[in-house]
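Trainee: First, the structure itself, so that you have it in front of you.
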Amino acid sequence: MHLFLLGVSHKTTPVDIREHLDFAARGLDAALAALAVRPSTSEAVVLSTCNRAELYVACDEVASARADLLGFLGEYHGLDTSAVFPHLYEQVDGAAARHLFRVAGGLDSLVVGEPQILGQVKDAYAAATEGRTVGPVLNKVFPWSFTVGKRVRTETALSEGAVSVSFAATALARKIFGDLKERTVLVIGAGEMGKLTARHLKAQGVSRMLITSRTLAHAVALAETIDASPVPWRDLLVTLNQADIVITATGALLPILTRSQVEGAMRGRRNRPLFLIDIALPRDVDPAVGDLDSVFLYNIDDLQAIVEANLTRRASEITKAEGIVADEVKKFEVWLSARCAIPTVVALRQRFEAIRRQELDRLQPKLAGLPPEAKARVDEITRLLVEKLLITPTEQLKSTPDPERVRSDADALTRLFALDAEDPAQGEPDRSSAARRADDAGKLVTP
Amino acid sequence: MNTIPLLLYLAAGILYAVHFSTRSATVGRAGTAVLASGSLAHTFVIGMQTMAAGHVPIAGTTQAISTFVWLLAVAYLCMEMTTEERALGVFIVPLLVALQLIRALNPVMERRVPILESAWFGVHVASLLFAYASFALACVIGITYVLLFKEIKAKHLGFFYKRLPSLDSLDLMNARTVTLGWVFLTVGVVVGAVWAAEAKSGPIYDPRVQAMSLADPKILGAVVCWAIYTFALYTRRLGWGGKRAAYLSALGFAIVLFNFVPIGYFLTRSHNFGG
């Protein structure tokens, strides 16, 4: 059994091709259902976000699964796969798991360490669980990737620090004021940047938000979209007294807040901290305002510098995160190669059991004279003997970390015990019990 | 016997420092666990001494210091549990170690003079020790407030920015600890004055009791502390919290500490019952 991945992402594929491969629009159920009926793949998960479209499947034959998935992509999206083909990447087994673990850990994201992707991976798996298209392999590797994502988040600083200007401003506001619910925010200027930062603060639970603009109509319009109260421009200084956080984002050429104005407002505030976020260019707030006690003045460059520093720090954590991924991939490979051994183990057990039965049957006339307890004892002893003989090779086979080695060992066993030869004396193996044993064997090697 | 808590406090201090610089949650939990076992051992030590002497060991300065250390450790652990904030431990625990070192170097159990066998005296010392423990917390919180304030102001978001809670919550914690400390300080000073007045007219003559007046450095120190904390609380009511309150609580505790250790050992003529 192999884990196979075929996909496109922002790293390999321009958006105009990626958008043709989006699965989210029509719903994942449809894609999963279409994948489920493909002959070569036994399990499937579809991960579709705005930055990637990836198909994870379990299959016996990689080549036929690849052909099948390409066919599926072409049919499902109604496109010529030759145009898409150069952009597709594919990975098998450990490499596929590595890719998934890197995705879940945020290492493959556009903004390294962004946390949303882990939720998206979880959603993709949940949809596949719902659609019953997952089996032993994907049921193993997906929850495993959640663990990797969590480990990366808690053991490295990969997801730490704001990496956008508006998030940086919000994080600062929280560091100054703690809970933002009781705070008053004043937005000066009804431009796009002001709106974005105001939205972020609103999402943090700010209940009182005031908006002012030289043109009152603009303030009223923006106030409506983000559930705030418009304030006439002439009341600006009065409002400044009440605000804890002020965002300035006007197109004014000269500063609209001077040192003496803010100084006056601070007297009214009895020096309670005031956080001024000046994201306008040219600047709206006289830099001298920053010298006032209890005034925290951050302009767009300051916030940009924070973002840069955070991105640099995230980059320095990548090695550590990759180490975690490599560590987990190694463990996954052990599990997967153990799974490769399962059919051989099952066949070997069936062969030994068949020989035991044959011998007991052959001895039947000689044993006939024995009392029932003794017969039961003979049965027990032969069974234990077979068990004991098999236990070491079984364990050895399952604990080999290298899948190639497992395959060659399995081949050797198959050849030495002629496991693929049809033994007429063995008869038709009991399908259901073989399947059950395969399940048990799977459970045994679960880490 | 006082060295066991000292060693545990020392170990906890190292763990808190490692936790503060690496932000490893495991080390932080280990620090809390070691500090908790240190204060448990300390509880045991104080309990044993109480049983041996028949009273809580708070009469002499050295004993009082040890009891103060124990109170501060317990108060800090309570604060850590209620706020789930471990960052301040790195400032508090070294203080525990330094003060407990005094106790460990003076292992003698001081005898209590008969004049101190009064319920008033117990209330007096216990309230003041509570007050000092609260002020110690307020001071540390105030210092971290100023450090964080300066980092945000200077736009160098680094060490403290990542490790400390918000300015607002530090300010709130400072207000609570100062208020609590002020209440106990007031009770302690008033009870002390009542007890001194009673003892002066009592049957036992003691030169130390006669020396109890505002002119005594220890008593003057306590009154100055009271004035500073009263001022801090009053201005906070007017809306002046934040940095000013932080500086005031640092100043207040500096005087508390000075009053407690050097004045308590060398300068006071009224409060040297250590024998």
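Each chain of the structure tokens is named A, B, ... in the order shown, its residues numbered from 1; ligands are numbered from 1 in display order.
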So that I can check the surroundings of stretch 378-382 of chain A, please list as a list in words every protein, DNA and RNA residue that reaches within 10 Å of it, counting only C-alpha atoms and ignoring chain neighbours fewer than 2 positions away.

Mentor: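 Skipping anything fewer than 2 positions along the chain leaves Glu353, Arg356, Arg357, Glu359, Leu360, Leu367, Pro372, Glu373, Ala374, Lys375, Ala376, Leu384, Leu385, Val386, Glu387 and Lys388 of chain A.
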
Trainee: Could the residues in this selection be written to a file with C-alpha atoms, as an mmCIF file, in the first residue's frame?

Mentor:
data_model
loop_
_atom_site.group_PDB
_atom_site.id
_atom_site.type_symbol
_atom_site.label_atom_id
_atom_site.label_comp_id
_atom_site.auth_asym_id
_atom_site.auth_seq_id
_atom_site.Cartn_x
_atom_site.Cartn_y
_atom_site.Cartn_z
ATOM 1 C CA GLU A 353 -1.691 -23.048 9.837
ATOM 2 C CA ARG A 356 -0.501 -27.820 10.925
ATOM 3 C CA ARG A 357 -4.038 -28.783 9.933
ATOM 4 C CA GLU A 359 -0.458 -32.893 9.711
ATOM 5 C CA LEU A 360 -3.200 -33.201 12.345
ATOM 6 C CA LEU A 367 -4.824 -39.911 17.612
ATOM 7 C CA PRO A 372 -10.588 -35.772 24.339
ATOM 8 C CA GLU A 373 -8.345 -33.848 26.809
ATOM 9 C CA ALA A 374 -5.201 -35.296 25.270
ATOM 10 C CA LYS A 375 -6.479 -34.469 21.766
ATOM 11 C CA ALA A 376 -7.106 -30.909 22.860
ATOM 12 C CA LEU A 384 1.724 -22.789 20.177
ATOM 13 C CA LEU A 385 4.639 -24.263 18.249
ATOM 14 C CA VAL A 386 3.539 -22.504 15.079
ATOM 15 C CA GLU A 387 2.998 -19.255 16.990
ATOM 16 C CA LYS A 388 6.457 -19.432 18.550
#

Trainee: As a list of chain:residue names, please: the residues near B:Leu77 (cut-off 8 Å, only C-alpha atoms, same-chain neighbours under 3 positions excluded).

Mentor: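 Final neighbour list, sorted by chain and number: B:Thr32, B:Ala36, B:Ala73, B:Val74, B:Glu80, B:Met81.
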
Trainee: Compute the chain B side of the contact with chain A at 12 Å, counting only C-alpha atoms, and hand it back as an MDAnalysis selection string.

Mentor: chainID B and resid 22:26 145:146 148:158 160:172 235:245

Trainee: Write the residues of the selection above to a file with N, CA and C atoms, as a CSV table (one decimal), in the first residue's frame.

Mentor:
chain,number,residue,atom,x,y,z
B,22,THR,N,14.0,31.4,28.2
B,22,THR,CA,13.6,30.5,27.1
B,22,THR,C,12.1,30.3,26.8
B,23,ARG,N,11.3,30.8,27.8
B,23,ARG,CA,9.9,30.7,27.7
B,23,ARG,C,9.4,29.2,27.5
B,24,SER,N,10.2,28.3,28.1
B,24,SER,CA,9.8,26.9,28.0
B,24,SER,C,8.7,26.6,29.1
B,25,ALA,N,7.6,26.2,28.7
B,25,ALA,CA,6.5,26.0,29.7
B,25,ALA,C,6.8,24.9,30.7
B,26,THR,N,7.6,23.9,30.2
B,26,THR,CA,7.9,22.8,31.1
B,26,THR,C,8.8,23.3,32.3
B,145,TYR,N,6.2,46.8,35.0
B,145,TYR,CA,5.3,47.8,34.2
B,145,TYR,C,6.2,48.8,33.5
B,146,VAL,N,7.2,49.4,34.3
B,146,VAL,CA,8.0,50.4,33.7
B,146,VAL,C,8.9,49.8,32.6
B,148,LEU,N,8.2,47.3,30.6
B,148,LEU,CA,7.4,47.1,29.4
B,148,LEU,C,7.0,48.4,28.8
B,149,PHE,N,6.7,49.4,29.6
B,149,PHE,CA,6.3,50.7,29.1
B,149,PHE,C,7.4,51.3,28.3
B,150,LYS,N,8.6,51.2,28.8
B,150,LYS,CA,9.8,51.7,28.1
B,150,LYS,C,10.0,51.0,26.8
B,151,GLU,N,9.8,49.7,26.8
B,151,GLU,CA,10.0,49.0,25.5
B,151,GLU,C,9.0,49.4,24.4
B,152,ILE,N,7.8,49.5,24.8
B,152,ILE,CA,6.7,49.9,23.8
B,152,ILE,C,7.0,51.3,23.4
B,153,LYS,N,7.3,52.2,24.3
B,153,LYS,CA,7.5,53.6,24.0
B,153,LYS,C,8.7,53.7,23.0
B,154,ALA,N,9.8,53.0,23.3
B,154,ALA,CA,11.0,53.1,22.4
B,154,ALA,C,10.8,52.3,21.1
B,155,LYS,N,9.7,51.6,21.0
B,155,LYS,CA,9.5,50.8,19.8
B,155,LYS,C,10.5,49.6,19.6
B,156,HIS,N,11.1,49.2,20.7
B,156,HIS,CA,12.0,48.1,20.6
B,156,HIS,C,11.3,46.9,21.3
B,157,LEU,N,10.4,46.3,20.5
B,157,LEU,CA,9.6,45.2,21.1
B,157,LEU,C,10.4,44.0,21.2
B,158,GLY,N,10.8,43.6,22.4
B,158,GLY,CA,11.7,42.5,22.5
B,158,GLY,C,11.4,41.7,23.7
B,160,PHE,N,10.9,41.9,27.1
B,160,PHE,CA,9.7,42.0,28.0
B,160,PHE,C,8.4,42.0,27.3
B,161,TYR,N,8.4,42.5,26.1
B,161,TYR,CA,7.2,42.6,25.3
B,161,TYR,C,6.6,41.2,25.1
B,162,LYS,N,7.6,40.2,24.9
B,162,LYS,CA,7.1,38.9,24.6
B,162,LYS,C,6.7,38.1,25.9
B,163,ARG,N,7.3,38.6,27.0
B,163,ARG,CA,7.2,37.8,28.2
B,163,ARG,C,6.1,38.3,29.2
B,164,LEU,N,5.8,39.6,29.2
B,164,LEU,CA,5.0,40.1,30.2
B,164,LEU,C,3.5,40.2,29.8
B,165,PRO,N,2.6,40.3,30.8
B,165,PRO,CA,1.2,40.5,30.4
B,165,PRO,C,1.1,42.0,30.0
B,166,SER,N,-0.2,42.4,29.7
B,166,SER,CA,-0.4,43.8,29.1
B,166,SER,C,-0.1,44.8,30.2
B,167,LEU,N,0.2,46.0,29.8
B,167,LEU,CA,0.4,47.1,30.7
B,167,LEU,C,-0.9,47.3,31.6
B,168,ASP,N,-2.0,47.2,31.0
B,168,ASP,CA,-3.3,47.3,31.8
B,168,ASP,C,-3.4,46.3,32.9
B,169,SER,N,-3.1,45.1,32.6
B,169,SER,CA,-3.3,44.1,33.7
B,169,SER,C,-2.2,44.2,34.7
B,170,LEU,N,-1.0,44.6,34.3
B,170,LEU,CA,0.1,44.9,35.3
B,170,LEU,C,-0.4,46.0,36.3
B,171,ASP,N,-1.0,47.1,35.7
B,171,ASP,CA,-1.4,48.2,36.5
B,171,ASP,C,-2.5,47.8,37.4
B,172,LEU,N,-3.4,46.9,37.0
B,172,LEU,CA,-4.5,46.4,37.8
B,172,LEU,C,-3.9,45.6,39.0
B,235,THR,N,-3.8,59.2,44.6
B,235,THR,CA,-3.6,59.7,43.2
B,235,THR,C,-4.2,58.7,42.2
B,236,ARG,N,-4.2,57.5,42.6
B,236,ARG,CA,-4.8,56.5,41.7
B,236,ARG,C,-6.3,56.7,41.6
B,237,ARG,N,-6.9,57.1,42.7
B,237,ARG,CA,-8.3,57.4,42.7
B,237,ARG,C,-8.6,58.6,41.8
B,238,LEU,N,-7.6,59.5,41.7
B,238,LEU,CA,-7.8,60.7,40.9
B,238,LEU,C,-7.6,60.3,39.4
B,239,GLY,N,-7.1,59.1,39.1
B,239,GLY,CA,-6.9,58.7,37.7
B,239,GLY,C,-5.4,58.6,37.4
B,240,TRP,N,-4.5,58.8,38.3
B,240,TRP,CA,-3.1,58.7,38.0
B,240,TRP,C,-2.6,57.4,38.4
B,241,GLY,N,-2.8,56.4,37.5
B,241,GLY,CA,-2.2,55.1,37.7
B,241,GLY,C,-1.0,54.9,36.9
B,242,GLY,N,-0.8,53.8,36.4
B,242,GLY,CA,0.3,53.5,35.4
B,242,GLY,C,1.7,53.8,36.0
B,243,LYS,N,2.5,54.5,35.2
B,243,LYS,CA,3.9,54.7,35.5
B,243,LYS,C,4.1,55.3,36.9
B,244,ARG,N,3.3,56.3,37.2
B,244,ARG,CA,3.5,57.0,38.5
B,244,ARG,C,3.3,56.1,39.7
B,245,ALA,N,2.2,55.3,39.6
B,245,ALA,CA,1.9,54.3,40.6
B,245,ALA,C,3.0,53.3,40.7

Trainee: Would you mind listing what lies within 8 Å of A:Val325 as a ChimeraX atom specification, with only C-alpha atoms counted and same-chain residues fewer than 5 positions away left out?

Mentor: /A:98,101-102,148

Trainee: Just the residues within 12 Å of A:Arg38, please, counting only C-alpha atoms, with nothing from its chain fewer than 5 positions along; format it as a ChimeraX atom specification.

Mentor: /A:31-33,43-44,57-59,64-73,75,133

Trainee: Based on the selection just made, write C-alpha atoms of those residues as a CSV table (one decimal), in the first residue's frame.

Mentor:
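Result saved to result_4.csv:
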chain,number,residue,atom,x,y,z
A,31,ALA,CA,-14.9,15.5,-5.8
A,32,LEU,CA,-14.5,12.8,-3.1
A,33,ALA,CA,-17.4,10.8,-4.6
A,43,GLU,CA,-8.7,6.1,-0.1
A,44,ALA,CA,-8.8,9.8,-0.9
A,57,VAL,CA,-4.7,8.8,-2.0
A,58,ALA,CA,-3.8,5.4,-0.9
A,59,CYS,CA,-3.0,2.9,-3.7
A,64,SER,CA,-1.9,3.5,-12.3
A,65,ALA,CA,-3.0,5.8,-9.5
A,66,ARG,CA,-1.2,8.7,-11.2
A,67,ALA,CA,-2.9,7.9,-14.5
A,68,ASP,CA,-6.2,7.6,-12.7
A,69,LEU,CA,-5.8,11.0,-10.8
A,70,LEU,CA,-4.8,12.8,-14.0
A,71,GLY,CA,-7.9,11.4,-15.7
A,72,PHE,CA,-10.0,12.5,-12.8
A,73,LEU,CA,-8.6,16.0,-12.9
A,75,GLU,CA,-12.8,14.9,-16.3
A,133,THR,CA,-13.3,7.9,1.5

Trainee: Could you please write out, as a PyMOL selection string, every residue of stretch 127-253 of chain B that DSSP assigns to helix (DSSP H, G or I)?

Mentor: chain B and resi 127-153+159-163+167-200+207-210+217-237+242-253

Trainee: Neighbouring residues of A:Asp284 were defined as those with any atom within 10 Å, considering only C-alpha atoms; residues of the same chain fewer than 4 positions away were excluded. Please report them as a PyMOL selection string.

Mentor: chain A and resi 188-189+247-258+277-280+299

Trainee: Would you mind reading off the distance between atom CA of A:Val307 and atom CA of A:His200, one decimal, in Å?

Mentor: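 Interatomic distance here is 15.8 Å.
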
Trainee: List as number ranges by chain the protein and nucleic acid residues near stretch 142-147 of chain A, meaning an atom at most 10 Å away when only C-alpha atoms are counted, but skip any in the same chain fewer than 2 places from it.

Mentor: A: 45, 56, 97-105, 118-119, 121-122, 124-126, 134, 137-140, 149-153, 325, 328-329, 332

Trainee: Atom CA of B:Lys218 and atom CA of B:Gln49 are how many Å apart?

Mentor: 26.2 Å

Trainee: From a DSSP calculation on the backbone, collect every residue of stretch 77-165 of chain A in strand (DSSP E) and output the set as a PyMOL selection string.

Mentor: chain A and resi 89-92

Trainee: Give me a file of those residues, with C-alpha atoms, as an mmCIF file, in the first residue's frame.

Mentor:
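This went into result.cif:
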data_model
loop_
_atom_site.group_PDB
_atom_site.id
_atom_site.type_symbol
_atom_site.label_atom_id
_atom_site.label_comp_id
_atom_site.auth_asym_id
_atom_site.auth_seq_id
_atom_site.Cartn_x
_atom_site.Cartn_y
_atom_site.Cartn_z
ATOM 1 C CA TYR A 89 3.947 17.811 -8.363
ATOM 2 C CA GLU A 90 3.683 14.286 -7.025
ATOM 3 C CA GLN A 91 5.118 12.515 -4.015
ATOM 4 C CA VAL A 92 5.022 8.919 -2.808
#

Trainee: Between B:Val97, B:Leu248, B:Ala30, B:Val183, which has the minimum distance to B:Gly142 (counting only C-alpha atoms)?

Mentor: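 Closest to B:Gly142, using only C-alpha atoms: B:Leu248.
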
Trainee: Find the residues around B:Phe44 up to 12 Å (only C-alpha atoms counted), leave out those fewer than 6 positions away in its own chain, and share them as a list in words.

Mentor: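 So the residues in contact are Met1, Asn2, Ile4, Pro5, Ser37, Gly38, Thr50, Met51, Thr67 and Trp70 of chain B.
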
Trainee: So how far away is atom CA of A:Pro136 from atom CA of A:Ile117, in Å?

Mentor: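 Taking atom CA of A:Ile117 and atom CA of A:Pro136, their separation equals 23.4 Å.
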
Trainee: Let me make sure I understand: among A:Pro14, A:Gly264, A:Pro393, A:Pro365, which one has the smallest atom-to-atom distance to A:His87 if we use only C-alpha atoms?

Mentor: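 Smallest separation from A:His87 among the options: A:Pro14.
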